[in-house]
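For reference, entry.pdb (PDB, C-alpha atoms):
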ATOM      1  CA  MET I1096      25.186 -30.630-109.580
ATOM      2  CA  THR I1097      25.433 -32.593-106.336
ATOM      3  CA  SER I1098      22.695 -35.212-106.070
ATOM      4  CA  GLU I1099      20.390 -35.484-103.079
ATOM      5  CA  THR I1100      22.044 -38.757-102.055
ATOM      6  CA  ASP I1101      25.567 -37.337-102.277
ATOM      7  CA  PHE I1102      24.802 -34.193-100.312
ATOM      8  CA  GLY I1103      22.644 -36.088 -97.842
ATOM      9  CA  ASN I1104      25.837 -37.617 -96.468
ATOM     10  CA  ARG I1105      26.841 -34.130 -95.329
ATOM     11  CA  VAL I1106      23.584 -33.383 -93.491
ATOM     12  CA  LEU I1107      24.238 -33.703 -89.756
ATOM     13  CA  TYR I1108      20.731 -32.822 -88.506
ATOM     14  CA  GLU I1109      17.440 -31.736 -90.048
ATOM     15  CA  ASP I1110      13.886 -31.032 -88.915
ATOM     16  CA  ASN I1111      11.073 -28.713 -90.038
ATOM     17  CA  HIS I1112      12.881 -25.569 -88.857
ATOM     18  CA  ILE I1113      16.645 -26.087 -89.174
ATOM     19  CA  ILE I1114      19.224 -28.006 -91.161
ATOM     20  CA  ILE I1115      22.835 -28.463 -90.045
ATOM     21  CA  VAL I1116      25.463 -29.418 -92.624
ATOM     22  CA  ASN I1117      29.178 -30.192 -92.824
ATOM     23  CA  LYS I1118      30.969 -27.586 -94.941
ATOM     24  CA  LEU I1119      33.971 -28.606 -97.026
ATOM     25  CA  PRO I1120      37.276 -26.709 -96.753
ATOM     26  CA  GLY I1121      37.407 -24.004 -99.422
ATOM     27  CA  GLU I1122      33.629 -24.059 -99.944
ATOM     28  CA  ILE I1123      32.020 -20.627 -99.852
ATOM     29  CA  VAL I1124      28.895 -20.280 -97.710
ATOM     30  CA  GLN I1125      27.189 -17.398 -99.499
ATOM     31  CA  ALA I1126      27.738 -15.431-102.688
ATOM     32  CA  ASP I1127      30.657 -13.018-103.005
ATOM     33  CA  LYS I1128      32.539 -11.255-105.791
ATOM     34  CA  THR I1129      34.104 -14.538-107.004
ATOM     35  CA  GLY I1130      30.761 -15.766-108.326
ATOM     36  CA  ASP I1131      31.614 -19.303-107.192
ATOM     37  CA  SER I1132      28.885 -21.799-106.377
ATOM     38  CA  THR I1133      27.826 -21.536-102.736
ATOM     39  CA  LEU I1134      26.857 -23.877 -99.920
ATOM     40  CA  MET I1135      23.554 -21.995 -99.617
ATOM     41  CA  ASP I1136      22.740 -22.775-103.260
ATOM     42  CA  THR I1137      23.661 -26.438-102.779
ATOM     43  CA  VAL I1138      21.462 -26.800 -99.695
ATOM     44  CA  LYS I1139      18.528 -25.108-101.440
ATOM     45  CA  ALA I1140      18.880 -27.476-104.390
ATOM     46  CA  TYR I1141      19.052 -30.436-101.999
ATOM     47  CA  LEU I1142      15.866 -29.385-100.173
ATOM     48  CA  LYS I1143      14.053 -28.638-103.431
ATOM     49  CA  GLU I1144      14.854 -32.120-104.797
ATOM     50  CA  LYS I1145      14.285 -34.004-101.532
ATOM     51  CA  TYR I1146      10.846 -32.525-100.884
ATOM     52  CA  ASN I1147       9.875 -31.877-104.529
ATOM     53  CA  LYS I1148       9.289 -28.207-103.699
ATOM     54  CA  PRO I1149       7.905 -25.894-106.394
ATOM     55  CA  GLY I1150       9.302 -22.372-106.597
ATOM     56  CA  ASN I1151      11.980 -20.898-104.369
ATOM     57  CA  VAL I1152      13.224 -22.601-101.187
ATOM     58  CA  TYR I1153      13.537 -20.455 -98.056
ATOM     59  CA  LEU I1154      16.903 -20.720 -96.313
ATOM     60  CA  GLY I1155      18.350 -18.352 -93.716
ATOM     61  CA  LEU I1156      21.936 -18.003 -92.527
ATOM     62  CA  PRO I1157      22.279 -17.056 -88.833
ATOM     63  CA  HIS I1158      26.083 -17.274 -88.659
ATOM     64  CA  ARG I1159      29.189 -17.386 -90.872
ATOM     65  CA  LEU I1160      32.076 -19.774 -91.394
ATOM     66  CA  ASP I1161      35.210 -18.579 -93.201
ATOM     67  CA  ARG I1162      35.684 -20.004 -96.690
ATOM     68  CA  PRO I1163      38.883 -21.962 -95.892
ATOM     69  CA  THR I1164      37.378 -23.405 -92.674
ATOM     70  CA  SER I1165      35.450 -26.685 -92.666
ATOM     71  CA  GLY I1166      32.721 -28.065 -90.435
ATOM     72  CA  ILE I1167      29.350 -27.204 -88.974
ATOM     73  CA  VAL I1168      27.045 -24.626 -90.533
ATOM     74  CA  VAL I1169      23.580 -24.120 -89.005
ATOM     75  CA  LEU I1170      20.873 -22.966 -91.434
ATOM     76  CA  ALA I1171      17.259 -21.945 -90.856
ATOM     77  CA  LYS I1172      14.397 -23.372 -92.930
ATOM     78  CA  THR I1173      11.797 -20.943 -91.488
ATOM     79  CA  GLU I1174      11.714 -17.239 -90.665
ATOM     80  CA  LYS I1175      10.745 -18.035 -87.075
ATOM     81  CA  ALA I1176      13.866 -20.175 -86.612
ATOM     82  CA  LEU I1177      16.113 -17.632 -88.312
ATOM     83  CA  GLY I1178      15.061 -14.756 -86.063
ATOM     84  CA  ARG I1179      15.610 -16.781 -82.921
ATOM     85  CA  LEU I1180      18.901 -18.297 -84.110
ATOM     86  CA  ASN I1181      20.206 -14.826 -85.010
ATOM     87  CA  ASP I1182      19.602 -13.765 -81.421
ATOM     88  CA  MET I1183      21.146 -16.951 -79.995
ATOM     89  CA  PHE I1184      24.367 -16.605 -81.973
ATOM     90  CA  ARG I1185      24.578 -12.896 -81.160
ATOM     91  CA  THR I1186      24.142 -13.434 -77.417
ATOM     92  CA  GLY I1187      26.448 -16.462 -77.106
ATOM     93  CA  LYS I1188      23.754 -19.086 -76.534
ATOM     94  CA  VAL I1189      25.334 -21.459 -79.058
ATOM     95  CA  ASP I1190      28.325 -23.452 -77.771
ATOM     96  CA  LYS I1191      30.948 -23.831 -80.521
ATOM     97  CA  ILE I1192      33.977 -26.131 -80.462
ATOM     98  CA  TYR I1193      36.687 -26.060 -83.140
ATOM     99  CA  TRP I1194      39.620 -28.331 -83.882
ATOM    100  CA  ALA I1195      42.789 -26.819 -85.320
ATOM    101  CA  ILE I1196      45.981 -28.458 -86.578
ATOM    102  CA  VAL I1197      48.843 -26.051 -85.844
ATOM    103  CA  ASP I1198      52.599 -25.918 -86.323
ATOM    104  CA  ARG I1199      53.678 -25.656 -82.682
ATOM    105  CA  PRO I1200      52.203 -25.950 -79.186
ATOM    106  CA  LEU I1201      51.086 -23.053 -77.055
ATOM    107  CA  PRO I1202      53.111 -22.528 -73.837
ATOM    108  CA  ASP I1203      50.514 -24.342 -71.703
ATOM    109  CA  LYS I1204      48.579 -27.479 -72.656
ATOM    110  CA  SER I1205      45.309 -25.746 -71.766
ATOM    111  CA  GLY I1206      44.241 -22.232 -70.950
ATOM    112  CA  GLN I1207      42.547 -19.093 -72.205
ATOM    113  CA  LEU I1208      43.686 -16.535 -74.771
ATOM    114  CA  VAL I1209      42.519 -12.958 -74.314
ATOM    115  CA  HIS I1210      43.260 -10.247 -76.863
ATOM    116  CA  TYR I1211      41.847  -7.110 -78.381
ATOM    117  CA  LEU I1212      41.114  -7.565 -82.096
ATOM    118  CA  TYR I1213      41.277  -4.933 -84.800
ATOM    119  CA  ARG I1214      39.590  -5.781 -88.093
ATOM    120  CA  ASP I1215      41.231  -4.306 -91.185
ATOM    121  CA  GLY I1216      38.478  -4.300 -93.797
ATOM    122  CA  ASN I1217      40.831  -3.420 -96.651
ATOM    123  CA  LYS I1218      42.987  -6.486 -96.003
ATOM    124  CA  ASN I1219      40.090  -8.684 -94.813
ATOM    125  CA  LYS I1220      42.260  -9.579 -91.851
ATOM    126  CA  SER I1221      42.156  -9.186 -88.069
ATOM    127  CA  PHE I1222      45.068  -8.308 -85.804
ATOM    128  CA  ALA I1223      45.221  -9.404 -82.164
ATOM    129  CA  TYR I1224      46.853  -7.341 -79.420
ATOM    130  CA  GLU I1225      47.577  -8.509 -75.901
ATOM    131  CA  CYS I1226      45.499  -7.159 -73.048
ATOM    132  CA  GLU I1227      46.907  -5.139 -70.215
ATOM    133  CA  PRO I1228      46.616  -6.539 -66.659
ATOM    134  CA  GLY I1229      43.145  -5.832 -65.344
ATOM    135  CA  GLY I1230      41.561  -5.908 -68.793
ATOM    136  CA  GLY I1231      42.394  -2.357 -69.836
ATOM    137  CA  CYS I1232      42.454  -1.473 -73.511
ATOM    138  CA  PRO I1233      45.983  -1.629 -74.974
ATOM    139  CA  ARG I1234      47.605   1.442 -76.452
ATOM    140  CA  VAL I1235      47.927   0.638 -80.129
ATOM    141  CA  ARG I1236      49.377   3.398 -82.252
ATOM    142  CA  GLY I1237      46.833   4.833 -84.645
ATOM    143  CA  LEU I1238      43.841   2.995 -83.156
ATOM    144  CA  LYS I1239      41.132   4.158 -80.776
ATOM    145  CA  ALA I1240      39.567   2.000 -78.091
ATOM    146  CA  SER I1241      36.403   1.898 -80.198
ATOM    147  CA  ASP I1242      38.378   0.242 -83.036
ATOM    148  CA  LEU I1243      39.109  -2.800 -80.867
ATOM    149  CA  GLN I1244      36.953  -5.730 -79.762
ATOM    150  CA  LEU I1245      37.654  -7.998 -76.817
ATOM    151  CA  ALA I1246      38.281 -11.589 -77.982
ATOM    152  CA  ARG I1247      38.422 -14.639 -75.706
ATOM    153  CA  LEU I1248      38.790 -18.356 -76.333
ATOM    154  CA  GLU I1249      39.652 -21.470 -74.367
ATOM    155  CA  TYR I1250      42.012 -24.106 -75.743
ATOM    156  CA  GLU I1251      43.220 -27.606 -74.920
ATOM    157  CA  GLN I1252      45.983 -29.612 -76.575
ATOM    158  CA  LEU I1253      44.477 -32.947 -77.664
ATOM    159  CA  ALA I1254      47.332 -34.678 -79.491
ATOM    160  CA  THR I1255      50.709 -34.224 -81.177
ATOM    161  CA  SER I1256      52.533 -35.752 -84.135
ATOM    162  CA  ASP I1257      56.123 -35.349 -85.253
ATOM    163  CA  ARG I1258      55.260 -32.062 -86.996
ATOM    164  CA  TYR I1259      51.866 -30.825 -85.806
ATOM    165  CA  VAL I1260      49.659 -30.252 -82.778
ATOM    166  CA  LEU I1261      45.884 -30.763 -82.554
ATOM    167  CA  LEU I1262      44.066 -28.115 -80.505
ATOM    168  CA  LYS I1263      40.487 -28.085 -79.226
ATOM    169  CA  ILE I1264      39.151 -24.528 -79.077
ATOM    170  CA  ARG I1265      35.986 -23.157 -77.496
ATOM    171  CA  LEU I1266      34.994 -19.692 -78.651
ATOM    172  CA  LEU I1267      33.866 -17.388 -75.850
ATOM    173  CA  THR I1268      33.360 -14.457 -78.224
ATOM    174  CA  GLY I1269      32.625 -14.441 -81.941
ATOM    175  CA  ARG I1270      34.963 -12.092 -83.817
ATOM    176  CA  HIS I1271      36.189 -11.869 -87.407
ATOM    177  CA  HIS I1272      38.935 -14.489 -87.976
ATOM    178  CA  GLN I1273      39.238 -14.711 -84.200
ATOM    179  CA  ILE I1274      40.920 -18.115 -83.824
ATOM    180  CA  ARG I1275      43.306 -17.483 -86.705
ATOM    181  CA  ALA I1276      44.332 -14.038 -85.442
ATOM    182  CA  GLN I1277      44.687 -14.983 -81.775
ATOM    183  CA  LEU I1278      46.844 -18.021 -82.522
ATOM    184  CA  ALA I1279      49.013 -16.004 -84.918
ATOM    185  CA  ALA I1280      49.555 -13.407 -82.179
ATOM    186  CA  CYS I1281      51.057 -16.275 -80.121
ATOM    187  CA  ASN I1282      53.304 -17.294 -83.056
ATOM    188  CA  VAL I1283      51.171 -20.398 -83.600
ATOM    189  CA  HIS I1284      49.828 -20.956 -87.123
ATOM    190  CA  ILE I1285      47.057 -23.137 -88.538
ATOM    191  CA  LYS I1286      48.275 -25.503 -91.235
ATOM    192  CA  GLY I1287      47.596 -24.023 -94.673
ATOM    193  CA  ASP I1288      46.723 -20.529 -93.400
ATOM    194  CA  LEU I1289      48.964 -18.303 -95.532
ATOM    195  CA  LYS I1290      47.070 -15.166 -94.498
ATOM    196  CA  TYR I1291      48.042 -15.675 -90.857
ATOM    197  CA  GLY I1292      51.598 -16.857 -91.231
ATOM    198  CA  PHE I1293      51.757 -20.545 -92.230
ATOM    199  CA  PRO I1294      54.357 -20.869 -95.016
ATOM    200  CA  ARG I1295      52.444 -23.166 -97.404
ATOM    201  CA  SER I1296      48.868 -23.505 -98.587
ATOM    202  CA  ASN I1297      46.868 -26.743 -98.488
ATOM    203  CA  PRO I1298      46.174 -28.445-101.846
ATOM    204  CA  ASP I1299      42.388 -27.943-101.465
ATOM    205  CA  GLY I1300      42.702 -24.238-100.704
ATOM    206  CA  GLY I1301      41.361 -24.717 -97.192
ATOM    207  CA  ILE I1302      43.020 -24.525 -93.796
ATOM    208  CA  CYS I1303      43.115 -27.103 -90.998
ATOM    209  CA  LEU I1304      40.487 -25.359 -88.879
ATOM    210  CA  HIS I1305      37.299 -27.370 -88.399
ATOM    211  CA  SER I1306      34.034 -26.450 -86.674
ATOM    212  CA  ARG I1307      33.743 -29.743 -84.807
ATOM    213  CA  ASP I1308      30.883 -29.519 -82.270
ATOM    214  CA  VAL I1309      27.847 -27.299 -81.776
ATOM    215  CA  SER I1310      25.233 -27.474 -79.038
ATOM    216  CA  PHE I1311      22.216 -25.253 -78.379
ATOM    217  CA  VAL I1312      18.585 -25.316 -77.326
ATOM    218  CA  HIS I1313      16.390 -25.669 -80.419
ATOM    219  CA  PRO I1314      14.829 -22.266 -81.233
ATOM    220  CA  VAL I1315      11.332 -23.732 -81.662
ATOM    221  CA  SER I1316      11.041 -27.171 -80.000
ATOM    222  CA  ARG I1317      13.332 -26.165 -77.079
ATOM    223  CA  LYS I1318      15.067 -29.554 -77.089
ATOM    224  CA  LEU I1319      18.847 -29.778 -76.765
ATOM    225  CA  ILE I1320      20.635 -30.140 -80.105
ATOM    226  CA  GLU I1321      24.175 -31.558 -80.051
ATOM    227  CA  VAL I1322      25.988 -32.123 -83.348
ATOM    228  CA  THR I1323      29.493 -33.336 -84.247
ATOM    229  CA  ALA I1324      30.986 -32.954 -87.731
ATOM    230  CA  PRO I1325      33.446 -35.554 -89.073
ATOM    231  CA  THR I1326      36.795 -34.034 -90.028
ATOM    232  CA  PRO I1327      37.786 -33.717 -93.702
ATOM    233  CA  GLN I1328      38.914 -36.940 -95.333
ATOM    234  CA  ASP I1329      42.589 -36.281 -95.933
ATOM    235  CA  ARG I1330      45.946 -37.547 -94.716
ATOM    236  CA  ILE I1331      46.686 -34.793 -92.210
ATOM    237  CA  TRP I1332      43.363 -35.061 -90.391
ATOM    238  CA  SER I1333      43.606 -38.855 -90.394
ATOM    239  CA  ILE I1334      46.752 -38.602 -88.262
ATOM    240  CA  PHE I1335      44.616 -37.170 -85.478
ATOM    241  CA  THR I1336      41.547 -39.392 -85.793
ATOM    242  CA  LEU I1337      40.523 -39.898 -82.158
TER     243      LEU I1337
END

Kindly transcribe the structure held in the file into structure tokens.
Amino acid sequence: MTSETDFGNRVLYEDNHIIIVNKLPGEIVQADKTGDSTLMDTVKAYLKEKYNKPGNVYLGLPHRLDRPTSGIVVLAKTEKALGRLNDMFRTGKVDKIYWAIVDRPLPDKSGQLVHYLYRDGNKNKSFAYECEPGGGCPRVRGLKASDLQLARLEYEQLATSDRYVLLKIRLLTGRHHQIRAQLAACNVHIKGDLKYGFPRSNPDGGICLHSRDVSFVHPVSRKLIEVTAPTPQDRIWSIFTL
């Protein structure tokens, strides 16, 4: 089990109502059919040991981060905070910035990607389709307009190496596998992301997509919270240490 001291190095912010932590690539946030140990369990154990809490520790999850993705996860320590955070994430009141290491540049060094996304539950995968001029719903064979969700993000190219490109991405909508699907639709692939077209997996089972920055107004104190998560400690990310 991870000790309080060890896990404490991954805590980015904590107060009476929320705790924000840095998720490792390949770490699962909450329980699924694999039965693997979860980030939620680790944080509960950390809080129980740190504060010598008897009984169960309350912890709420207002948003998700894909298992292969690393970076910021915001958790609620009280029911009041959870209810308000749920609403803030749902209504886009949380500003989220990601970094992605990809195999090729997009046509422009900065811009916006707009697609319609279809989520295939059987494959646990989303497919992105280009929008028609004027924002009309595309005609996708076998799909109805109600099957598709509008997906928008902004991107900026931050750096390049001999083989890879570092992108900064701001999510304007929050859809299933949105960044991964939208980039793949542009023939751009996140390093390690086999599901969306990169040819090789990463040794740690993760992908080079990192939830880098989050900012929002605290759900209880109303003060501005701004958090940055260090990138994973590996050779590829170290190339782009800024």

> For Ala1254 (chain I), which residue among I:Leu1107, I:Ile1334, I:Leu1267, I:Leu1238 is the nearest when counting all atoms listed in the file?
Replying inline: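 Nearest to Ala1254 (chain I): I:Ile1334.
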
> Once the PyMOL selection byres ((chain I and resi 1289-1302) around 9) has been applied to the shown file, what residues remain in the selection, as a ChimeraX atom specification?
Replying inline: /I:1119-1122,1162-1165,1195-1198,1220,1275-1276,1278-1279,1282-1288,1303-1305

Okay, now the selection with C-alpha atoms, as an mmCIF file, in the coordinates of the input?
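As written to disk, selection03.cif reads:
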data_model
loop_
_atom_site.group_PDB
_atom_site.id
_atom_site.type_symbol
_atom_site.label_atom_id
_atom_site.label_comp_id
_atom_site.auth_asym_id
_atom_site.auth_seq_id
_atom_site.Cartn_x
_atom_site.Cartn_y
_atom_site.Cartn_z
ATOM 1 C CA LEU I 1119 33.971 -28.606 -97.026
ATOM 2 C CA PRO I 1120 37.276 -26.709 -96.753
ATOM 3 C CA GLY I 1121 37.407 -24.004 -99.422
ATOM 4 C CA GLU I 1122 33.629 -24.059 -99.944
ATOM 5 C CA ARG I 1162 35.684 -20.004 -96.690
ATOM 6 C CA PRO I 1163 38.883 -21.962 -95.892
ATOM 7 C CA THR I 1164 37.378 -23.405 -92.674
ATOM 8 C CA SER I 1165 35.450 -26.685 -92.666
ATOM 9 C CA ALA I 1195 42.789 -26.819 -85.320
ATOM 10 C CA ILE I 1196 45.981 -28.458 -86.578
ATOM 11 C CA VAL I 1197 48.843 -26.051 -85.844
ATOM 12 C CA ASP I 1198 52.599 -25.918 -86.323
ATOM 13 C CA LYS I 1220 42.260 -9.579 -91.851
ATOM 14 C CA ARG I 1275 43.306 -17.483 -86.705
ATOM 15 C CA ALA I 1276 44.332 -14.038 -85.442
ATOM 16 C CA LEU I 1278 46.844 -18.021 -82.522
ATOM 17 C CA ALA I 1279 49.013 -16.004 -84.918
ATOM 18 C CA ASN I 1282 53.304 -17.294 -83.056
ATOM 19 C CA VAL I 1283 51.171 -20.398 -83.600
ATOM 20 C CA HIS I 1284 49.828 -20.956 -87.123
ATOM 21 C CA ILE I 1285 47.057 -23.137 -88.538
ATOM 22 C CA LYS I 1286 48.275 -25.503 -91.235
ATOM 23 C CA GLY I 1287 47.596 -24.023 -94.673
ATOM 24 C CA ASP I 1288 46.723 -20.529 -93.400
ATOM 25 C CA CYS I 1303 43.115 -27.103 -90.998
ATOM 26 C CA LEU I 1304 40.487 -25.359 -88.879
ATOM 27 C CA HIS I 1305 37.299 -27.370 -88.399
#

>> Excluding Ser1316 (chain I) and its own-chain neighbours fewer than 4 positions away, which residues fall within 12 Å of it when counting only C-alpha atoms? Please give them as JSON, numbers by chain.
In response: {"I": [1110, 1111, 1112, 1113, 1175, 1176, 1179, 1311, 1312, 1320]}

May I have a table of the residues of region 1254-1331 of chain I lying at most 9 Å from region 1214-1218 of chain I, giving each one's closest pair of atoms and their distance in Å to one decimal, counting all atoms listed in the file, ordered by chain and ascending residue number, as JSON lines?
{"residue": "I:Arg1270", "atom": "CA", "partner": "I:Arg1214", "partner_atom": "CA", "distance": 8.9}
{"residue": "I:His1271", "atom": "CA", "partner": "I:Arg1214", "partner_atom": "CA", "distance": 7.0}
{"residue": "I:His1272", "atom": "CA", "partner": "I:Arg1214", "partner_atom": "CA", "distance": 8.7}

> CA of Ser1221 (chain I) and CA of Val1260 (chain I) are how many Å apart?
Replying inline: 23.0 Å

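Nearest residue to Asp1161 (chain I) among I:Leu1319, I:Val1124, I:Ile1115, I:Ala1280 is I:Val1124, counting all atoms listed in the file.
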
> So, counting all atoms listed in the file, which residue among I:Pro1314, I:Trp1332, I:Pro1325, I:Gly1269 is closest to Thr1186 (chain I)?
Replying inline: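 Closest to Thr1186 (chain I) of all the choices is I:Gly1269.
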
How about completing region 1198-1229 of chain I with N, CA and C atoms and giving it to me as a short mmCIF file (atom, residue, chain, number, x, y, z; two decimals), keeping the file's coordinate frame?
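Written out: result.cif:
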data_model
loop_
_atom_site.label_atom_id
_atom_site.label_comp_id
_atom_site.auth_asym_id
_atom_site.auth_seq_id
_atom_site.Cartn_x
_atom_site.Cartn_y
_atom_site.Cartn_z
N ASP I 1198 51.20 -25.56 -86.10
CA ASP I 1198 52.60 -25.92 -86.32
C ASP I 1198 53.43 -26.04 -85.06
N ARG I 1199 52.93 -25.55 -83.93
CA ARG I 1199 53.68 -25.66 -82.68
C ARG I 1199 52.72 -25.54 -81.51
N PRO I 1200 53.10 -26.04 -80.35
CA PRO I 1200 52.20 -25.95 -79.19
C PRO I 1200 52.19 -24.56 -78.58
N LEU I 1201 51.13 -24.24 -77.90
CA LEU I 1201 51.09 -23.05 -77.06
C LEU I 1201 51.88 -23.34 -75.78
N PRO I 1202 52.27 -22.31 -75.02
CA PRO I 1202 53.11 -22.53 -73.84
C PRO I 1202 52.51 -23.50 -72.82
N ASP I 1203 51.19 -23.44 -72.63
CA ASP I 1203 50.51 -24.34 -71.70
C ASP I 1203 49.63 -25.30 -72.49
N LYS I 1204 49.40 -26.49 -71.95
CA LYS I 1204 48.58 -27.48 -72.66
C LYS I 1204 47.10 -27.13 -72.65
N SER I 1205 46.69 -26.25 -71.76
CA SER I 1205 45.31 -25.75 -71.77
C SER I 1205 45.32 -24.36 -71.15
N GLY I 1206 44.31 -23.58 -71.50
CA GLY I 1206 44.24 -22.23 -70.95
C GLY I 1206 43.28 -21.36 -71.73
N GLN I 1207 43.41 -20.07 -71.54
CA GLN I 1207 42.55 -19.09 -72.20
C GLN I 1207 43.42 -18.04 -72.87
N LEU I 1208 43.04 -17.64 -74.08
CA LEU I 1208 43.69 -16.54 -74.77
C LEU I 1208 42.75 -15.34 -74.76
N VAL I 1209 43.30 -14.20 -74.38
CA VAL I 1209 42.52 -12.96 -74.31
C VAL I 1209 43.28 -11.88 -75.07
N HIS I 1210 42.66 -11.31 -76.07
CA HIS I 1210 43.26 -10.25 -76.86
C HIS I 1210 42.22 -9.18 -77.17
N TYR I 1211 42.71 -8.06 -77.69
CA TYR I 1211 41.85 -7.11 -78.38
C TYR I 1211 42.09 -7.26 -79.87
N LEU I 1212 41.01 -7.36 -80.65
CA LEU I 1212 41.11 -7.56 -82.10
C LEU I 1212 40.75 -6.29 -82.86
N TYR I 1213 41.58 -6.00 -83.86
CA TYR I 1213 41.28 -4.93 -84.80
C TYR I 1213 41.04 -5.56 -86.17
N ARG I 1214 39.92 -5.25 -86.77
CA ARG I 1214 39.59 -5.78 -88.09
C ARG I 1214 39.95 -4.76 -89.16
N ASP I 1215 40.85 -5.14 -90.05
CA ASP I 1215 41.23 -4.31 -91.18
C ASP I 1215 40.40 -4.74 -92.39
N GLY I 1216 39.38 -3.94 -92.71
CA GLY I 1216 38.48 -4.30 -93.80
C GLY I 1216 39.16 -4.33 -95.15
N ASN I 1217 40.15 -3.46 -95.36
CA ASN I 1217 40.83 -3.42 -96.65
C ASN I 1217 41.62 -4.70 -96.91
N LYS I 1218 42.20 -5.26 -95.87
CA LYS I 1218 42.99 -6.49 -96.00
C LYS I 1218 42.17 -7.74 -95.71
N ASN I 1219 40.92 -7.56 -95.26
CA ASN I 1219 40.09 -8.68 -94.81
C ASN I 1219 40.88 -9.55 -93.84
N LYS I 1220 41.40 -8.90 -92.81
CA LYS I 1220 42.26 -9.58 -91.85
C LYS I 1220 42.10 -8.91 -90.49
N SER I 1221 42.22 -9.73 -89.43
CA SER I 1221 42.16 -9.19 -88.07
C SER I 1221 43.52 -9.31 -87.41
N PHE I 1222 43.81 -8.34 -86.53
CA PHE I 1222 45.07 -8.31 -85.80
C PHE I 1222 44.77 -8.33 -84.31
N ALA I 1223 45.47 -9.21 -83.59
CA ALA I 1223 45.22 -9.40 -82.16
C ALA I 1223 46.33 -8.75 -81.34
N TYR I 1224 45.92 -8.02 -80.31
CA TYR I 1224 46.85 -7.34 -79.42
C TYR I 1224 46.61 -7.82 -78.00
N GLU I 1225 47.70 -8.01 -77.26
CA GLU I 1225 47.58 -8.51 -75.90
C GLU I 1225 46.90 -7.48 -75.01
N CYS I 1226 46.18 -8.02 -74.00
CA CYS I 1226 45.50 -7.16 -73.05
C CYS I 1226 46.45 -6.73 -71.94
N GLU I 1227 46.19 -5.57 -71.39
CA GLU I 1227 46.91 -5.14 -70.22
C GLU I 1227 46.34 -5.83 -68.98
N PRO I 1228 47.15 -5.99 -67.91
CA PRO I 1228 46.62 -6.54 -66.66
C PRO I 1228 45.39 -5.77 -66.20
N GLY I 1229 44.38 -6.48 -65.78
CA GLY I 1229 43.14 -5.83 -65.34
C GLY I 1229 42.15 -5.60 -66.45
#
